[in-house]
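K.L.:
Structure file coords24.csv, CSV, C-alpha atoms, is pasted below:
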chain,number,residue,atom,x,y,z
Z,496,SER,CA,0.0,0.0,0.0
Z,497,ALA,CA,1.0,3.6,-0.4
Z,498,ASP,CA,0.1,6.2,2.3
Z,499,ASP,CA,1.6,9.7,2.1
Z,500,GLY,CA,-0.7,12.6,2.7
Z,501,ASP,CA,1.6,15.0,0.9
Z,502,ILE,CA,1.2,13.3,-2.5
Z,503,ASN,CA,-1.4,14.9,-4.8
Z,504,SER,CA,-0.7,12.7,-7.8
Z,505,GLY,CA,1.7,10.0,-9.0
Z,506,THR,CA,2.1,6.3,-9.6
Z,507,ALA,CA,2.2,3.5,-7.1
Z,508,SER,CA,3.9,0.3,-8.2
Z,509,PHE,CA,3.2,-3.2,-6.8
Z,510,ASN,CA,4.9,-6.4,-7.8
Z,511,ILE,CA,3.1,-9.7,-7.7
Z,512,GLU,CA,5.3,-12.9,-7.8
Z,513,MET,CA,4.1,-15.4,-10.4
Z,514,PRO,CA,2.8,-18.0,-10.7
Z,515,PHE,CA,-0.2,-16.6,-8.9
Z,516,ASN,CA,-3.8,-17.7,-9.1
Z,517,GLY,CA,-6.3,-15.5,-7.4
Z,518,TYR,CA,-7.8,-12.0,-7.2
Z,519,ILE,CA,-6.3,-8.6,-7.6
Z,520,ARG,CA,-8.3,-6.0,-5.9
Z,521,TYR,CA,-7.3,-2.3,-5.7
Z,522,TRP,CA,-8.6,1.1,-4.9
Z,523,THR,CA,-7.5,4.6,-4.0
Z,524,GLU,CA,-8.6,6.9,-1.3
Z,525,ASP,CA,-7.7,10.5,-0.5
Z,526,THR,CA,-7.3,12.1,2.9
Z,527,ALA,CA,-10.8,13.4,2.7
Z,528,GLY,CA,-12.2,9.9,2.5
Z,529,ASN,CA,-13.0,9.9,-1.2
Z,530,SER,CA,-12.5,6.5,-3.0
Z,531,THR,CA,-11.6,5.7,-6.6
Z,532,SER,CA,-14.5,6.3,-9.0
Z,533,THR,CA,-12.8,6.0,-12.4
Z,534,THR,CA,-12.4,2.7,-14.2
Z,535,PRO,CA,-8.8,1.7,-15.1
Z,536,SER,CA,-8.1,0.4,-18.5
Z,537,ASN,CA,-6.2,-2.7,-19.9
Z,538,LEU,CA,-6.2,-4.5,-16.7
Z,539,GLY,CA,-8.8,-7.1,-17.4
Z,540,ALA,CA,-12.5,-7.6,-16.8
Z,541,ASP,CA,-14.0,-6.1,-13.7
Z,542,ILE,CA,-16.0,-8.8,-11.8
Z,543,SER,CA,-16.8,-6.8,-8.7
Z,544,GLU,CA,-20.3,-5.7,-7.8
Z,545,ASP,CA,-18.9,-2.6,-6.1
Z,546,ALA,CA,-18.5,0.3,-8.5
Z,547,ASN,CA,-15.7,1.7,-6.5
Z,548,VAL,CA,-13.7,-1.6,-6.2
Z,549,PHE,CA,-12.0,-3.2,-9.2
Z,550,LEU,CA,-11.4,-7.0,-9.1
Z,551,TRP,CA,-9.5,-9.2,-11.6
Z,552,ILE,CA,-8.5,-12.8,-11.8
Z,553,ILE,CA,-4.9,-13.7,-12.7
Z,554,GLU,CA,-4.5,-17.4,-13.8
Z,555,ASN,CA,-1.7,-19.5,-15.1
Z,556,ASP,CA,-3.3,-22.9,-14.9
Z,557,LYS,CA,-4.4,-24.6,-18.1
Z,558,PRO,CA,-7.9,-26.0,-18.6
Z,559,VAL,CA,-8.0,-29.8,-18.5
Z,560,ILE,CA,-9.6,-31.9,-21.2
Z,561,GLU,CA,-10.6,-35.2,-19.9
Z,562,ASP,CA,-9.8,-38.2,-22.1
Z,563,PRO,CA,-12.6,-38.6,-24.6
Z,564,GLU,CA,-15.1,-41.5,-24.0
Z,565,ILE,CA,-17.0,-43.4,-26.6
Z,566,GLU,CA,-20.7,-44.0,-25.9
Z,567,ILE,CA,-22.5,-46.7,-27.9
Z,568,VAL,CA,-25.9,-45.5,-29.0
Z,569,GLY,CA,-28.8,-47.9,-28.2
Z,570,ALA,CA,-26.6,-50.5,-26.5
Z,571,ASP,CA,-28.2,-52.9,-24.1
Z,572,GLU,CA,-26.7,-52.0,-20.7
Z,573,GLN,CA,-27.2,-55.5,-19.5
Z,574,VAL,CA,-25.1,-56.9,-22.3
Z,575,GLN,CA,-21.5,-55.8,-21.9
Z,576,SER,CA,-20.4,-56.6,-25.4
Z,577,ASP,CA,-23.5,-55.1,-27.2
Z,578,GLY,CA,-22.4,-52.9,-30.0
Z,579,ILE,CA,-18.7,-54.0,-29.7
Z,580,GLY,CA,-17.7,-56.0,-32.8
Z,581,LYS,CA,-14.4,-57.6,-33.7
Z,582,ASN,CA,-11.1,-56.2,-34.8
Z,583,GLY,CA,-11.7,-52.8,-33.1
Z,584,TRP,CA,-15.1,-52.1,-34.8
Z,585,TYR,CA,-18.3,-50.9,-33.3
Z,586,THR,CA,-21.5,-52.5,-34.7
Z,587,LYS,CA,-23.8,-49.8,-33.5
Z,588,PRO,CA,-23.6,-46.0,-33.9
Z,589,VAL,CA,-21.4,-44.2,-31.4
Z,590,LYS,CA,-21.0,-40.7,-29.9
Z,591,VAL,CA,-17.7,-39.2,-28.5
Z,592,LYS,CA,-18.0,-37.3,-25.3
Z,593,SER,CA,-15.4,-35.2,-23.5
Z,594,THR,CA,-15.5,-32.8,-20.5
Z,595,ILE,CA,-13.4,-29.7,-20.1
Z,596,THR,CA,-12.7,-28.1,-16.8
Z,597,ASP,CA,-10.9,-24.9,-15.9
Z,598,SER,CA,-10.2,-25.8,-12.3
Z,599,ASP,CA,-10.7,-29.0,-10.4
Z,600,THR,CA,-9.8,-27.5,-7.0
Z,601,ASP,CA,-11.0,-24.0,-6.6
Z,602,SER,CA,-13.2,-22.5,-9.3
Z,603,ALA,CA,-13.0,-19.1,-7.6
Z,604,LYS,CA,-9.4,-18.8,-8.8
Z,605,ALA,CA,-10.1,-19.8,-12.4
Z,606,SER,CA,-10.9,-17.4,-15.2
Z,607,GLY,CA,-13.5,-19.8,-16.7
Z,608,LEU,CA,-13.7,-21.5,-20.1
Z,609,GLY,CA,-13.4,-19.2,-23.0
Z,610,SER,CA,-13.5,-21.4,-26.1
Z,611,ILE,CA,-13.8,-25.1,-27.1
Z,612,THR,CA,-13.3,-26.5,-30.6
Z,613,TYR,CA,-13.8,-30.2,-31.5
Z,614,THR,CA,-13.7,-32.0,-34.8
Z,615,TYR,CA,-14.5,-35.5,-36.1
Z,616,THR,CA,-13.2,-36.4,-39.5
Z,617,LYS,CA,-13.9,-39.3,-41.8
Z,618,VAL,CA,-10.6,-41.0,-42.5
Z,619,ASP,CA,-9.3,-44.1,-44.2
Z,620,GLU,CA,-7.6,-47.0,-42.4
Z,621,ASP,CA,-4.3,-45.0,-42.4
Z,622,GLY,CA,-6.0,-42.1,-40.6
Z,623,LEU,CA,-6.0,-39.8,-43.7
Z,624,PRO,CA,-9.0,-37.7,-44.6
Z,625,ASN,CA,-11.4,-39.7,-46.7
Z,626,GLY,CA,-12.6,-37.4,-49.5
Z,627,GLU,CA,-13.8,-33.8,-49.6
Z,628,ASN,CA,-15.9,-32.3,-46.8
Z,629,SER,CA,-14.8,-35.1,-44.5
Z,630,SER,CA,-14.4,-33.0,-41.4
Z,631,VAL,CA,-17.1,-31.6,-39.1
Z,632,ILE,CA,-15.7,-28.7,-37.0
Z,633,LYS,CA,-17.8,-27.3,-34.1
Z,634,THR,CA,-16.8,-24.4,-31.8
Z,635,VAL,CA,-18.3,-23.8,-28.4
Z,636,GLY,CA,-18.1,-20.1,-27.6
Z,637,GLU,CA,-19.9,-17.4,-25.5
Z,638,ALA,CA,-23.3,-18.4,-26.9
Z,639,GLU,CA,-23.0,-21.8,-25.2
Z,640,LEU,CA,-20.7,-21.0,-22.4
Z,641,GLY,CA,-22.6,-17.8,-21.5
Z,642,SER,CA,-21.5,-14.4,-20.4
Z,643,GLU,CA,-20.9,-15.7,-16.9
Z,644,PHE,CA,-17.9,-17.8,-16.2
Z,645,LYS,CA,-18.3,-21.6,-16.7
Z,646,TYR,CA,-15.7,-23.9,-15.2
Z,647,SER,CA,-16.9,-27.1,-16.7
Z,648,TYR,CA,-18.5,-28.1,-20.0
Z,649,SER,CA,-19.1,-31.3,-21.8
Z,650,VAL,CA,-19.2,-31.8,-25.6
Z,651,VAL,CA,-20.9,-34.7,-27.4
Z,652,THR,CA,-20.6,-35.4,-31.1
Z,653,ASP,CA,-23.4,-36.3,-33.4
Z,654,GLU,CA,-24.0,-40.0,-34.0
Z,655,LEU,CA,-21.1,-41.6,-35.9
Z,656,THR,CA,-22.0,-44.5,-38.1
Z,657,ASN,CA,-20.7,-46.6,-41.0
Z,658,ASN,CA,-17.3,-45.0,-41.4
Z,659,ILE,CA,-13.9,-44.6,-39.8
Z,660,TYR,CA,-13.4,-41.4,-37.8
Z,661,LYS,CA,-10.8,-39.4,-36.0
Z,662,PHE,CA,-11.7,-37.1,-33.1
Z,663,GLY,CA,-9.8,-34.0,-32.0
Z,664,ILE,CA,-10.5,-31.3,-29.4
Z,665,SER,CA,-8.9,-28.1,-28.1
Z,666,ALA,CA,-9.8,-25.6,-25.4
Z,667,SER,CA,-8.6,-22.4,-23.8
Z,668,ASP,CA,-9.8,-20.3,-20.8
Z,669,ASN,CA,-10.6,-16.6,-20.6
Z,670,ALA,CA,-7.0,-15.9,-19.4
Z,671,GLY,CA,-5.8,-17.3,-22.7
Z,672,ASN,CA,-4.3,-20.5,-21.3
Z,673,LYS,CA,-4.6,-23.4,-23.8
Z,674,ALA,CA,-5.3,-27.0,-22.6
Z,675,ASP,CA,-2.9,-29.8,-23.4
Z,676,ASP,CA,-4.1,-32.3,-26.0
Z,677,PRO,CA,-6.0,-35.2,-24.4
Z,678,LYS,CA,-5.1,-38.8,-24.9
Z,679,ASP,CA,-5.5,-39.9,-28.5
Z,680,ILE,CA,-8.2,-42.4,-28.7
Z,681,GLY,CA,-7.2,-43.6,-32.1
Z,682,LEU,CA,-9.4,-44.5,-35.0
Z,683,ILE,CA,-13.1,-44.8,-34.3
Z,684,LYS,CA,-14.4,-47.6,-36.6
Z,685,VAL,CA,-18.1,-48.1,-37.0
Z,686,ASP,CA,-19.9,-50.7,-39.2
Z,687,THR,CA,-23.6,-51.3,-38.5
Z,688,GLU,CA,-24.3,-53.0,-41.9
Z,689,ASN,CA,-24.2,-56.7,-42.5
Z,690,PRO,CA,-22.3,-57.8,-45.6
Z,691,ASN,CA,-24.3,-58.2,-48.8
Z,692,ILE,CA,-24.7,-61.3,-51.0
Z,693,PRO,CA,-26.5,-60.3,-54.2
Z,694,GLU,CA,-28.8,-62.7,-56.1
Z,695,PHE,CA,-27.2,-65.9,-57.5
Z,696,GLU,CA,-26.8,-66.4,-61.2
Z,697,GLN,CA,-27.5,-70.1,-61.8
Z,698,GLU,CA,-26.5,-71.4,-65.2
Z,699,ASP,CA,-29.3,-73.4,-66.8
Z,700,SER,CA,-31.1,-73.3,-63.5
Z,701,ASN,CA,-34.6,-74.9,-63.8
Z,702,THR,CA,-34.5,-74.8,-67.6
Z,703,HIS,CA,-33.5,-78.3,-68.3
Z,704,TRP,CA,-32.1,-81.4,-66.6
Z,705,SER,CA,-28.4,-82.0,-66.4
Z,706,ASN,CA,-26.5,-85.2,-65.9
Z,707,LYS,CA,-23.3,-83.3,-65.0
Z,708,GLY,CA,-24.2,-80.2,-63.0
Z,709,TYR,CA,-23.9,-76.5,-63.6
Z,710,TRP,CA,-22.2,-73.4,-62.2
Z,711,ILE,CA,-23.8,-71.0,-59.7
Z,712,THR,CA,-22.1,-67.6,-59.7
Z,713,PHE,CA,-22.3,-65.0,-56.9
Z,714,LYS,CA,-20.4,-62.0,-55.5
Z,715,VAL,CA,-20.1,-60.6,-52.0
Z,716,ASN,CA,-19.5,-57.1,-50.8
Z,717,ASP,CA,-19.6,-55.0,-47.6
Z,718,ASN,CA,-20.4,-51.6,-49.1
Z,719,GLU,CA,-23.6,-49.6,-48.7
Z,720,ALA,CA,-25.3,-48.3,-51.8
Z,721,ASP,CA,-24.0,-44.7,-51.1
Z,722,GLY,CA,-20.5,-45.9,-51.0
Z,723,LYS,CA,-19.8,-45.4,-47.3
Z,724,THR,CA,-16.8,-47.3,-46.0
Z,725,VAL,CA,-17.5,-50.3,-43.8
Z,726,SER,CA,-15.3,-53.0,-42.5
Z,727,GLY,CA,-14.9,-55.3,-45.5
Z,728,VAL,CA,-15.0,-59.0,-45.8
Z,729,ASP,CA,-13.1,-60.6,-42.9
Z,730,SER,CA,-9.6,-61.6,-44.0
Z,731,SER,CA,-9.1,-63.6,-40.8
Z,732,LYS,CA,-11.8,-66.1,-41.7
Z,733,LEU,CA,-9.8,-67.8,-44.4
Z,734,ASN,CA,-11.3,-70.8,-46.3
Z,735,SER,CA,-8.5,-71.3,-48.8
Z,736,LYS,CA,-8.8,-68.4,-51.2
Z,737,PHE,CA,-12.1,-67.3,-49.7
Z,738,GLU,CA,-11.6,-64.4,-47.3
Z,739,GLY,CA,-14.6,-64.5,-44.9
Z,740,VAL,CA,-16.7,-66.5,-47.3
Z,741,ARG,CA,-17.7,-70.1,-46.5
Z,742,VAL,CA,-19.8,-72.3,-48.7
Z,743,THR,CA,-21.7,-75.3,-47.4
Z,744,TYR,CA,-23.8,-78.1,-48.8
Z,745,SER,CA,-26.7,-80.0,-47.3
Z,746,THR,CA,-29.5,-82.2,-48.5
Z,747,THR,CA,-31.9,-80.3,-46.2
Z,748,SER,CA,-32.8,-76.6,-46.2
Z,749,GLY,CA,-31.9,-74.4,-43.3
Z,750,LYS,CA,-29.1,-76.5,-41.9
Z,751,THR,CA,-26.5,-74.8,-39.7
Z,752,GLU,CA,-22.9,-74.7,-40.9
Z,753,ALA,CA,-22.0,-77.4,-38.3
Z,754,ASP,CA,-24.6,-79.7,-39.8
Z,755,SER,CA,-23.5,-79.2,-43.3
Z,756,GLU,CA,-20.6,-80.2,-45.6
Z,757,LEU,CA,-18.0,-77.4,-46.0
Z,758,LEU,CA,-16.9,-76.9,-49.6
Z,759,THR,CA,-13.4,-75.5,-50.1
Z,760,ASP,CA,-11.3,-74.5,-53.1
Z,761,GLY,CA,-11.0,-77.5,-55.4
Z,762,SER,CA,-14.0,-79.3,-53.9
Z,763,GLY,CA,-16.8,-77.5,-55.7
Z,764,VAL,CA,-15.9,-73.8,-55.3
Z,765,GLN,CA,-13.8,-71.5,-57.4
Z,766,TYR,CA,-12.8,-67.8,-57.1
Z,767,ASP,CA,-11.9,-65.5,-59.9
Z,768,PRO,CA,-9.8,-62.5,-58.7
Z,769,GLU,CA,-10.3,-60.6,-61.9
Z,770,THR,CA,-14.0,-60.5,-61.6
Z,771,SER,CA,-14.3,-61.0,-57.8
Z,772,GLU,CA,-16.8,-63.7,-58.5
Z,773,TYR,CA,-17.2,-67.0,-56.6
Z,774,LYS,CA,-18.5,-70.1,-58.4
Z,775,ILE,CA,-20.0,-73.2,-57.0
Z,776,TYR,CA,-20.2,-76.2,-59.3
Z,777,ALA,CA,-23.4,-77.9,-58.3
Z,778,GLN,CA,-23.0,-81.6,-59.0
Z,779,LYS,CA,-25.8,-82.9,-56.8
Z,780,ASN,CA,-29.2,-81.7,-55.8
Z,781,GLY,CA,-29.6,-80.1,-52.4
Z,782,TYR,CA,-29.0,-76.7,-50.8
Z,783,TYR,CA,-25.9,-74.6,-51.2
Z,784,THR,CA,-25.4,-71.8,-48.6
Z,785,ILE,CA,-23.0,-68.9,-48.8
Z,786,ARG,CA,-22.0,-67.5,-45.4
Z,787,VAL,CA,-20.1,-64.2,-45.3
Z,788,THR,CA,-18.5,-62.5,-42.3
Z,789,ASP,CA,-17.0,-59.0,-42.3
Z,790,GLU,CA,-14.2,-57.6,-40.2
Z,791,ALA,CA,-16.6,-56.2,-37.6
Z,792,GLY,CA,-18.0,-59.7,-37.0
Z,793,LEU,CA,-21.4,-59.1,-38.8
Z,794,SER,CA,-22.6,-62.0,-40.9
Z,795,SER,CA,-25.0,-62.8,-43.7
Z,796,TYR,CA,-26.0,-65.9,-45.5
Z,797,ARG,CA,-28.0,-66.8,-48.6
Z,798,GLU,CA,-29.2,-70.3,-49.6
Z,799,THR,CA,-30.1,-71.6,-53.0
Z,800,GLY,CA,-31.7,-74.9,-53.9
Z,801,VAL,CA,-30.8,-77.2,-56.8
Z,802,ASP,CA,-33.2,-80.0,-57.9
Z,803,ASP,CA,-32.6,-80.6,-61.6
Z,804,ILE,CA,-29.5,-82.8,-61.6
Z,805,ASP,CA,-29.8,-86.4,-62.6
Z,806,TYR,CA,-26.6,-88.4,-62.9
Z,807,LEU,CA,-28.0,-91.9,-62.4
Z,808,GLN,CA,-28.7,-94.1,-65.5
Z,809,PRO,CA,-32.2,-95.2,-66.1
Z,810,VAL,CA,-33.0,-98.9,-65.7
Z,811,ALA,CA,-34.7,-101.3,-68.2
Z,812,GLU,CA,-35.6,-104.8,-66.9
Z,813,LEU,CA,-37.0,-107.6,-69.0
Z,814,THR,CA,-39.9,-109.1,-67.0
Z,815,ASN,CA,-41.5,-111.4,-69.5
Z,816,ILE,CA,-40.9,-112.9,-73.0
Z,817,SER,CA,-42.7,-115.5,-75.2
Z,818,ASP,CA,-41.6,-119.0,-74.8
Z,819,PRO,CA,-39.1,-120.3,-77.4
Z,820,ASP,CA,-40.0,-122.9,-79.9
Z,821,ASN,CA,-37.6,-125.6,-78.7
Z,822,GLU,CA,-35.8,-126.7,-75.5
Z,823,ARG,CA,-32.6,-125.1,-76.7
Z,824,GLY,CA,-34.2,-121.7,-76.5
Z,825,TYR,CA,-34.5,-120.9,-80.2
Z,826,TYR,CA,-37.4,-119.3,-82.0
Z,827,THR,CA,-37.8,-121.1,-85.3
Z,828,ASP,CA,-41.2,-119.9,-86.5
Z,829,VAL,CA,-40.5,-116.8,-88.7
Z,830,ASN,CA,-44.1,-115.9,-88.7
Z,831,LYS,CA,-44.4,-115.9,-84.9
Z,832,LYS,CA,-44.5,-112.6,-83.0
Z,833,ILE,CA,-42.3,-112.6,-79.9
Z,834,HIS,CA,-43.8,-110.7,-77.0
Z,835,LEU,CA,-41.6,-108.9,-74.5
Z,836,ASP,CA,-42.5,-107.0,-71.3
Z,837,ILE,CA,-39.9,-104.5,-70.3
Z,838,ASP,CA,-40.1,-102.5,-67.0
Z,839,ALA,CA,-38.2,-99.2,-67.5
Z,840,TYR,CA,-37.7,-96.5,-64.9
Z,841,ASP,CA,-35.4,-93.6,-63.9
Z,842,GLN,CA,-33.8,-95.0,-60.8
Z,843,SER,CA,-33.9,-93.3,-57.5
Z,844,SER,CA,-31.6,-93.9,-54.5
Z,845,SER,CA,-30.4,-92.5,-51.3
Z,846,GLU,CA,-28.0,-90.3,-53.2
Z,847,PRO,CA,-29.1,-86.7,-54.0
Z,848,ALA,CA,-29.9,-87.4,-57.6
Z,849,GLY,CA,-33.1,-86.5,-59.2
Z,850,ALA,CA,-35.3,-88.5,-61.6
Z,851,SER,CA,-35.6,-86.7,-64.8
Z,852,ALA,CA,-38.1,-89.0,-66.4
Z,853,PHE,CA,-37.6,-90.5,-69.9
Z,854,SER,CA,-37.1,-88.6,-73.0
Z,855,ASN,CA,-37.1,-91.8,-75.1
Z,856,ILE,CA,-37.5,-95.6,-74.8
Z,857,GLY,CA,-35.5,-97.3,-77.6
Z,858,ALA,CA,-37.2,-99.9,-79.8
Z,859,VAL,CA,-36.4,-103.6,-79.2
Z,860,GLU,CA,-34.7,-105.0,-82.3
Z,861,LYS,CA,-35.5,-108.5,-83.3
Z,862,TYR,CA,-32.7,-110.8,-84.3
Z,863,LEU,CA,-34.1,-114.2,-85.5
Z,864,ARG,CA,-32.1,-117.2,-86.4
Z,865,LYS,CA,-33.4,-120.2,-88.3
Z,866,ALA,CA,-32.9,-123.5,-86.6
Z,867,THR,CA,-30.6,-125.9,-88.3
Z,868,ALA,CA,-30.8,-129.7,-88.2
Show me the file's structure as structure tokens.

P.N.:
Amino acid sequence: SADDGDINSGTASFNIEMPFNGYIRYWTEDTAGNSTSTTPSNLGADISEDANVFLWIIENDKPVIEDPEIEIVGADEQVQSDGIGKNGWYTKPVKVKSTITDSDTDSAKASGLGSITYTYTKVDEDGLPNGENSSVIKTVGEAELGSEFKYSYSVVTDELTNNIYKFGISASDNAGNKADDPKDIGLIKVDTENPNIPEFEQEDSNTHWSNKGYWITFKVNDNEADGKTVSGVDSSKLNSKFEGVRVTYSTTSGKTEADSELLTDGSGVQYDPETSEYKIYAQKNGYYTIRVTDEAGLSSYRETGVDDIDYLQPVAELTNISDPDNERGYYTDVNKKIHLDIDAYDQSSSEPAGASAFSNIGAVEKYLRKATA
């Protein structure tokens, strides 16, 4: 303080050792008892309710950004893994939340939050921006923080779905102190869509019978119609050349994979890397099921039935014939008609082969031989 009744004007200097967090309060008074009534400039914002007392906050502490948290939207709280897929993917939409505080001990010594900016950007698997307008930038300013000091504020992103995102946040207080960057939570990968198996293309399907079989062609993908990036067919589920694609066969519809025969490369399935097409060579009637799993663990399957393959020969059995003319089994009467009864049928069995019915029953040729003495 300065107290000298002979001083009519002048400057009083005070030194404050830093770092210092707290209030600066000053006033002047003359010997007649009159107090300061003019407002000083360039000393900060006056937060005093007393018109004759000026009060400022000096602060050197940085705001603190809590480590961002990921909230799964619509997850069943009773199921711990609900919405958490495989390989770091989420299978339900998510939001990212973070809380910023300007003092965790004594808010009376903090200047209050001044500005918060957070971003979420669509990126590729390397963390690089994915296309134009891939970033959403939002700033929290005085409109949200208010004219009065706020010492804590939480931000929450919009729902993030079917893409890979990167989250960033920065904040500063009214004193201009900038917060340190929080922990990097890495890539946020969201895939809520099951992989897709378009319709099969079946060669000669249901148009005519085959005694060899025919090809069934199909493709798989894990992309939405609007081209959003999702996790892709799972490369960890290798079935020979088939990444995340498994083909099974069963004589009965609706069988599980465990109750079906697994077809692998070279045993009824082919893959063409140039066209990205899979081919099943159906050699027997039954049900062929394609099961596809993506990186996030989401699965789809599609079944197709085959019932027009017949690889078993028909059967013709002689059940009756006219008696021969002599004991040696010869027919000697050239004018005699020989009667034959032949049972013919397209055989069935326990094997998955169909019965295509007859297209033709061949004529029985007669070979007659005259008896000799």

K.L.:
Determine, counting only C-alpha atoms, which protein, DNA and RNA residues have an atom within 7 Å of an atom of Z:Val740; residues of the same chain fewer than 4 positions away are not included. Present the result as a compact mmCIF listing (two decimals) with C-alpha atoms, in the frame of the given file.

P.N.:
# COMPACT_ATOMS: atom_id res chain seq x y z
CA ASN Z 734 -11.30 -70.80 -46.30
CA ILE Z 785 -23.00 -68.90 -48.80
CA ARG Z 786 -22.00 -67.50 -45.40
CA VAL Z 787 -20.10 -64.20 -45.30
CA THR Z 788 -18.50 -62.50 -42.30

K.L.:
Need the shell around Z:Ala570: protein/DNA/RNA residues with any atom at most 12 Å away, counting only C-alpha atoms. Skip same-chain ones fewer than 6 positions apart. Format as a ChimeraX atom specification?

P.N.:
/Z:576-579,585-590

K.L.:
Return the single residue from Z:Asn658, Z:Thr814, Z:Asn706, Z:Thr759 that is closest to Z:His834, with distances computed using only C-alpha atoms.

P.N.:
Z:Thr814

K.L.:
State, in Å with one decimal place, the distance from atom CA of Z:Lys673 to atom CA of Z:Ile659.

P.N.:
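Answer for the atom CA of Z:Lys673 to atom CA of Z:Ile659 separation: 28.1 Å.
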
K.L.:
Around (-16.2, -32.4, -46.0) in the file's own coordinates, what residues are found within 12 Å if you use all atoms listed in the file, given back as a list in words?

P.N.:
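Applying the cut-off with all atoms listed in the file, one gets Thr614, Tyr615, Thr616, Lys617, Val618, Pro624, Asn625, Gly626, Glu627, Asn628, Ser629, Ser630, Val631 and Ile632 of chain Z.
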
K.L.:
Using all atoms listed in the file, which protein or nucleic acid residues come within 9 Å of Z:Glu561? Drop anything in the same chain fewer than 3 positions from it, and give the result as a PDB file with C-alpha atoms, in the frame of the given file.

P.N.:
ATOM      1  CA  GLU Z 564     -15.100 -41.500 -24.000  1.00  0.00           C
ATOM      2  CA  SER Z 593     -15.400 -35.200 -23.500  1.00  0.00           C
ATOM      3  CA  THR Z 594     -15.500 -32.800 -20.500  1.00  0.00           C
ATOM      4  CA  ILE Z 595     -13.400 -29.700 -20.100  1.00  0.00           C
ATOM      5  CA  THR Z 596     -12.700 -28.100 -16.800  1.00  0.00           C
ATOM      6  CA  PRO Z 677      -6.000 -35.200 -24.400  1.00  0.00           C
ATOM      7  CA  LYS Z 678      -5.100 -38.800 -24.900  1.00  0.00           C
TER       8      LYS Z 678
END

K.L.:
Between atom CA of Z:Ser755 and atom CA of Z:Glu772, what is the spacing in Å?

P.N.:
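That distance, rounded to one decimal, is 22.7 Å.
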
K.L.:
Identify, on the basis of only C-alpha atoms, every residue whose closest approach to Z:Val650 does not exceed 10 Å; exclude the query and any residue fewer than 3 positions from it along the same chain; express the result as a list in words.

P.N.:
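Skipping anything fewer than 3 positions along the chain leaves Pro563, Val591, Lys592, Ser593, Thr594, Ile595, Ile611, Thr612, Tyr613, Lys633, Thr634, Val635, Asp653 and Ile664 of chain Z.
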
K.L.:
If I take atom CA of Z:Trp584 and atom CA of Z:Asp676, how far is one from the other in Å, to one decimal?

P.N.:
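A separation of 24.3 Å between them.
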
K.L.:
Could you rebuild stretch 645-654 of chain Z with N, CA, C and O atoms and give me the result as a PDB file, in the frame of the given file?

P.N.:
ATOM      1  N   LYS Z 645     -17.986 -20.153 -16.836  1.00  0.00           N
ATOM      2  CA  LYS Z 645     -18.300 -21.600 -16.700  1.00  0.00           C
ATOM      3  C   LYS Z 645     -16.970 -22.293 -16.470  1.00  0.00           C
ATOM      4  O   LYS Z 645     -16.006 -22.055 -17.199  1.00  0.00           O
ATOM      5  N   TYR Z 646     -16.969 -23.172 -15.509  1.00  0.00           N
ATOM      6  CA  TYR Z 646     -15.700 -23.900 -15.200  1.00  0.00           C
ATOM      7  C   TYR Z 646     -15.698 -25.300 -15.638  1.00  0.00           C
ATOM      8  O   TYR Z 646     -14.667 -25.957 -15.544  1.00  0.00           O
ATOM      9  N   SER Z 647     -16.809 -25.772 -16.154  1.00  0.00           N
ATOM     10  CA  SER Z 647     -16.900 -27.100 -16.700  1.00  0.00           C
ATOM     11  C   SER Z 647     -17.891 -27.204 -17.781  1.00  0.00           C
ATOM     12  O   SER Z 647     -18.962 -26.575 -17.701  1.00  0.00           O
ATOM     13  N   TYR Z 648     -17.569 -27.935 -18.838  1.00  0.00           N
ATOM     14  CA  TYR Z 648     -18.500 -28.100 -20.000  1.00  0.00           C
ATOM     15  C   TYR Z 648     -18.198 -29.380 -20.672  1.00  0.00           C
ATOM     16  O   TYR Z 648     -17.036 -29.785 -20.815  1.00  0.00           O
ATOM     17  N   SER Z 649     -19.251 -30.058 -21.097  1.00  0.00           N
ATOM     18  CA  SER Z 649     -19.100 -31.300 -21.800  1.00  0.00           C
ATOM     19  C   SER Z 649     -19.572 -31.198 -23.238  1.00  0.00           C
ATOM     20  O   SER Z 649     -20.611 -30.568 -23.504  1.00  0.00           O
ATOM     21  N   VAL Z 650     -18.821 -31.755 -24.154  1.00  0.00           N
ATOM     22  CA  VAL Z 650     -19.200 -31.800 -25.600  1.00  0.00           C
ATOM     23  C   VAL Z 650     -19.516 -33.200 -25.971  1.00  0.00           C
ATOM     24  O   VAL Z 650     -18.896 -34.151 -25.482  1.00  0.00           O
ATOM     25  N   VAL Z 651     -20.483 -33.346 -26.867  1.00  0.00           N
ATOM     26  CA  VAL Z 651     -20.900 -34.700 -27.400  1.00  0.00           C
ATOM     27  C   VAL Z 651     -21.050 -34.544 -28.883  1.00  0.00           C
ATOM     28  O   VAL Z 651     -21.741 -33.643 -29.359  1.00  0.00           O
ATOM     29  N   THR Z 652     -20.444 -35.440 -29.638  1.00  0.00           N
ATOM     30  CA  THR Z 652     -20.600 -35.400 -31.100  1.00  0.00           C
ATOM     31  C   THR Z 652     -21.951 -35.896 -31.521  1.00  0.00           C
ATOM     32  O   THR Z 652     -22.707 -36.466 -30.729  1.00  0.00           O
ATOM     33  N   ASP Z 653     -22.264 -35.689 -32.782  1.00  0.00           N
ATOM     34  CA  ASP Z 653     -23.400 -36.300 -33.400  1.00  0.00           C
ATOM     35  C   ASP Z 653     -23.165 -37.839 -33.462  1.00  0.00           C
ATOM     36  O   ASP Z 653     -22.056 -38.308 -33.193  1.00  0.00           O
ATOM     37  N   GLU Z 654     -24.178 -38.585 -33.848  1.00  0.00           N
ATOM     38  CA  GLU Z 654     -24.000 -40.000 -34.000  1.00  0.00           C
ATOM     39  C   GLU Z 654     -23.004 -40.291 -35.168  1.00  0.00           C
ATOM     40  O   GLU Z 654     -23.134 -39.711 -36.253  1.00  0.00           O
TER      41      GLU Z 654
END
